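J.: Please find one structure pasted underneath; my questions will follow.
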Amino acid sequence: MIRHYMGLTALALVIGAPSVGAQRARAHSSITWSAGAGMSVPTGDLSTGAANGFHVQGTSSYRRLGWPIDVRAELAYHHFGEKDYTVAGARPGQTINYTGKSSSIAGVVDASYSLNTIGRMRPYLLGGPGVYNTRAELTRAGGTPTTSSETKVGMNVGGGMNFSLVGRRAYLEARYHHVDQAAWIPITLGVRF
């Protein structure tokens, strides 16, 4: 009889222990979602053939109680406006006119570190690697558009500020994205869920 109760107790512990552990893990960690949009400003070589544009992004962040960082996954779309520019031709005094535009879809994983609270605002730093698919379209004056697309690994660094906005948790951030020869700075206003 005692063996029977000990067997049932052991079985209950084996079955119940993982669920208790999972409940504790959920109590000590959280997942948040956010959505944002804003202006994307091309810099460096990208600014030669693309104008300011816009972006939209969605993120999911994982935070474990006691960890100094959040781990954040992001999917973003950046669209840069058309820009006309001129380059020197092969002959002296010859110029060639072009119109360029570009876009990028990015999948990024960032580490985010929260700094000390300033009043009701909480600043943070973030950065990490990402995979970027960029598409560029170049049109020579009077010609047909030529498009190219490539996928490369890049990186981003930046900072932001969490704050309250109309009863919701909001954020404002600026980052620097760099992929091969292209670089841009998106400025984002978003809300967290």
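Each chain in the structure tokens gets a letter, A, B and so on, in the order shown; residues start at 1 in every chain, and ligands are counted from 1 in the order they appear.
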Looking only at the backbone, which of the residues in region 32-91 of chain A does DSSP tag as helix (DSSP H, G or I), as a PyMOL selection string?

T.: chain A and resi 46-49

J.: Out of region 7-193 of chain A, which residues get strand (DSSP E) from DSSP, as a PyMOL selection string?

T.: chain A and resi 29-44+51-64+69-88+95-114+122-140+145-165+168-179+182-192

J.: Which of these residues is nearest to Gly107 (chain A), using only C-alpha atoms: A:Gly119, A:Gly167, A:Gly93, A:Gly130?

T.: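 Checking each candidate against Gly107 (chain A), we get A:Gly130 as the closest.
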
J.: Set the distance at 10 Å and use only C-alpha atoms: which residues neighbour Arg140 (chain A) once local chain neighbours fewer than 5 positions away are removed? I'd like the list as a list of chain:residue names.

T.: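 Skipping anything fewer than 5 positions along the chain leaves A:Asp84, A:Tyr85, A:Thr86, A:Ile96, A:Asn97, A:Tyr98, A:Thr99, A:Gly100, A:Pro145, A:Thr146.
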
J.: Write the residues of the selection above to a file with N, CA, C and O atoms, as a PDB file, in the first residue's frame.

T.:
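Resulting contents of again22.pdb:
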ATOM      1  N   ASP A  84      16.897  62.190 -58.789  1.00  0.00           N
ATOM      2  CA  ASP A  84      17.579  62.434 -60.057  1.00  0.00           C
ATOM      3  C   ASP A  84      19.006  62.850 -59.764  1.00  0.00           C
ATOM      4  O   ASP A  84      19.260  63.638 -58.835  1.00  0.00           O
ATOM      5  N   TYR A  85      19.937  62.331 -60.552  1.00  0.00           N
ATOM      6  CA  TYR A  85      21.334  62.744 -60.389  1.00  0.00           C
ATOM      7  C   TYR A  85      22.056  62.620 -61.720  1.00  0.00           C
ATOM      8  O   TYR A  85      21.582  61.979 -62.656  1.00  0.00           O
ATOM      9  N   THR A  86      23.207  63.257 -61.786  1.00  0.00           N
ATOM     10  CA  THR A  86      23.987  63.321 -63.023  1.00  0.00           C
ATOM     11  C   THR A  86      25.389  62.798 -62.757  1.00  0.00           C
ATOM     12  O   THR A  86      25.982  63.088 -61.721  1.00  0.00           O
ATOM     13  N   ILE A  96      25.508  62.289 -67.966  1.00  0.00           N
ATOM     14  CA  ILE A  96      24.428  61.324 -68.137  1.00  0.00           C
ATOM     15  C   ILE A  96      23.489  61.476 -66.947  1.00  0.00           C
ATOM     16  O   ILE A  96      23.926  61.465 -65.800  1.00  0.00           O
ATOM     17  N   ASN A  97      22.206  61.625 -67.247  1.00  0.00           N
ATOM     18  CA  ASN A  97      21.207  61.807 -66.207  1.00  0.00           C
ATOM     19  C   ASN A  97      20.560  60.465 -65.847  1.00  0.00           C
ATOM     20  O   ASN A  97      20.210  59.682 -66.730  1.00  0.00           O
ATOM     21  N   TYR A  98      20.398  60.240 -64.556  1.00  0.00           N
ATOM     22  CA  TYR A  98      19.778  59.018 -64.050  1.00  0.00           C
ATOM     23  C   TYR A  98      18.700  59.366 -63.028  1.00  0.00           C
ATOM     24  O   TYR A  98      18.732  60.429 -62.408  1.00  0.00           O
ATOM     25  N   THR A  99      17.774  58.443 -62.836  1.00  0.00           N
ATOM     26  CA  THR A  99      16.814  58.492 -61.738  1.00  0.00           C
ATOM     27  C   THR A  99      16.951  57.175 -60.989  1.00  0.00           C
ATOM     28  O   THR A  99      16.949  56.111 -61.611  1.00  0.00           O
ATOM     29  N   GLY A 100      17.098  57.262 -59.668  1.00  0.00           N
ATOM     30  CA  GLY A 100      17.264  56.054 -58.873  1.00  0.00           C
ATOM     31  C   GLY A 100      16.262  55.997 -57.734  1.00  0.00           C
ATOM     32  O   GLY A 100      15.766  57.018 -57.260  1.00  0.00           O
ATOM     33  N   PRO A 145      14.003  51.191 -67.168  1.00  0.00           N
ATOM     34  CA  PRO A 145      14.555  50.917 -65.833  1.00  0.00           C
ATOM     35  C   PRO A 145      15.343  49.609 -65.785  1.00  0.00           C
ATOM     36  O   PRO A 145      14.985  48.626 -66.428  1.00  0.00           O
ATOM     37  N   THR A 146      16.416  49.632 -65.025  1.00  0.00           N
ATOM     38  CA  THR A 146      17.209  48.438 -64.744  1.00  0.00           C
ATOM     39  C   THR A 146      17.100  48.181 -63.254  1.00  0.00           C
ATOM     40  O   THR A 146      17.351  49.077 -62.449  1.00  0.00           O
TER      41      THR A 146
END

J.: Which distance in Å separates CA of Lys101 (chain A) and CA of Thr43 (chain A), to one decimal?

T.: 13.5 Å

J.: Considering only C-alpha atoms, state which residue in the set A:Ser102, A:Asn133, A:Thr117, A:Thr95 is at the smallest distance from His79 (chain A).

T.: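 So, comparing all the options, the nearest one is A:Ser102.
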
J.: Can you tell me which residues surround region 44-52 of chain A at a distance of at most 6 Å, considering only C-alpha atoms, apart from same-chain residues fewer than 2 positions away, and format the answer as a list in words?

T.: Ser40, Val41, Pro42, Phe80, Gly81, Glu82, Lys83, Gly100, Lys101 and Ala182 of chain A

J.: Could you write out that same residue set with N, CA, C and O atoms as a PDB file, in the first residue's frame?

T.:
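Saved to part_9.pdb:
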ATOM      1  N   SER A  40      12.963  57.239 -43.235  1.00  0.00           N
ATOM      2  CA  SER A  40      14.260  56.603 -43.471  1.00  0.00           C
ATOM      3  C   SER A  40      15.114  57.554 -44.292  1.00  0.00           C
ATOM      4  O   SER A  40      14.703  57.992 -45.369  1.00  0.00           O
ATOM      5  N   VAL A  41      16.293  57.873 -43.778  1.00  0.00           N
ATOM      6  CA  VAL A  41      17.188  58.834 -44.420  1.00  0.00           C
ATOM      7  C   VAL A  41      18.420  58.097 -44.958  1.00  0.00           C
ATOM      8  O   VAL A  41      19.194  57.547 -44.176  1.00  0.00           O
ATOM      9  N   PRO A  42      18.601  58.052 -46.301  1.00  0.00           N
ATOM     10  CA  PRO A  42      19.778  57.380 -46.847  1.00  0.00           C
ATOM     11  C   PRO A  42      21.043  58.183 -46.565  1.00  0.00           C
ATOM     12  O   PRO A  42      21.017  59.414 -46.540  1.00  0.00           O
ATOM     13  N   PHE A  80      12.748  54.016 -50.203  1.00  0.00           N
ATOM     14  CA  PHE A  80      13.388  55.315 -50.438  1.00  0.00           C
ATOM     15  C   PHE A  80      12.838  55.924 -51.713  1.00  0.00           C
ATOM     16  O   PHE A  80      12.580  55.224 -52.694  1.00  0.00           O
ATOM     17  N   GLY A  81      12.671  57.236 -51.697  1.00  0.00           N
ATOM     18  CA  GLY A  81      12.071  57.939 -52.824  1.00  0.00           C
ATOM     19  C   GLY A  81      13.003  58.060 -54.021  1.00  0.00           C
ATOM     20  O   GLY A  81      14.200  57.787 -53.947  1.00  0.00           O
ATOM     21  N   GLU A  82      12.419  58.479 -55.151  1.00  0.00           N
ATOM     22  CA  GLU A  82      13.193  58.685 -56.375  1.00  0.00           C
ATOM     23  C   GLU A  82      14.105  59.888 -56.232  1.00  0.00           C
ATOM     24  O   GLU A  82      13.762  60.877 -55.582  1.00  0.00           O
ATOM     25  N   LYS A  83      15.262  59.778 -56.869  1.00  0.00           N
ATOM     26  CA  LYS A  83      16.209  60.891 -56.859  1.00  0.00           C
ATOM     27  C   LYS A  83      16.873  60.983 -58.223  1.00  0.00           C
ATOM     28  O   LYS A  83      17.330  59.983 -58.765  1.00  0.00           O
ATOM     29  N   GLY A 100      17.098  57.262 -59.668  1.00  0.00           N
ATOM     30  CA  GLY A 100      17.264  56.054 -58.873  1.00  0.00           C
ATOM     31  C   GLY A 100      16.262  55.997 -57.734  1.00  0.00           C
ATOM     32  O   GLY A 100      15.766  57.018 -57.260  1.00  0.00           O
ATOM     33  N   LYS A 101      15.931  54.779 -57.328  1.00  0.00           N
ATOM     34  CA  LYS A 101      15.131  54.561 -56.127  1.00  0.00           C
ATOM     35  C   LYS A 101      15.486  53.190 -55.586  1.00  0.00           C
ATOM     36  O   LYS A 101      16.050  52.351 -56.288  1.00  0.00           O
ATOM     37  N   ALA A 182      25.599  50.298 -48.705  1.00  0.00           N
ATOM     38  CA  ALA A 182      24.391  51.081 -48.413  1.00  0.00           C
ATOM     39  C   ALA A 182      24.257  51.313 -46.915  1.00  0.00           C
ATOM     40  O   ALA A 182      24.541  50.433 -46.107  1.00  0.00           O
TER      41      ALA A 182
END

J.: With only C-alpha atoms as the atoms that count, which of A:Thr59, A:Gln94, A:Ser103, A:Thr151 lies nearest to Gly190 (chain A)?

T.: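 Of the candidates, the smallest distance to Gly190 (chain A) is held by A:Thr59.
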
J.: Considering only C-alpha atoms, can you say which of A:Val131, A:Met155, A:Leu75, A:Ile187 comes closest to Ser60 (chain A)?

T.: A:Leu75

J.: Using only C-alpha atoms, which protein or nucleic acid residues come within 8 Å of region 109-113 of chain A? Drop anything in the same chain fewer than 2 positions from it, and give the result as a list in words.

T.: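 Residues near the query, excluding close chain neighbours: Pro68, Ile69, Asp70, Val71, Arg72, Ala73, Glu74, Gly107, Leu115, Tyr124, Leu125, Leu126, Gly127, Gly128, Pro129 and Gly130 of chain A.
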
J.: Select, from A:Ser164, A:Val179, A:Tyr171, A:Leu189, the residue with the minimum atom-to-atom distance to Val56 (chain A), counting only C-alpha atoms.

T.: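 So, comparing all the options, the nearest one is A:Leu189.
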
J.: Using only C-alpha atoms, which residue out of A:Val157, A:Leu65, A:Met39, A:Val191 lies closest to Arg175 (chain A)?

T.: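 For Arg175 (chain A), the nearest of the given residues is A:Val157.
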
J.: If you measure from CA of Met161 (chain A) to CA of Asn116 (chain A), what distance in Å do you get, rounded to one decimal?

T.: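 About the pair CA of Met161 (chain A) and CA of Asn116 (chain A): they are 10.9 Å apart.
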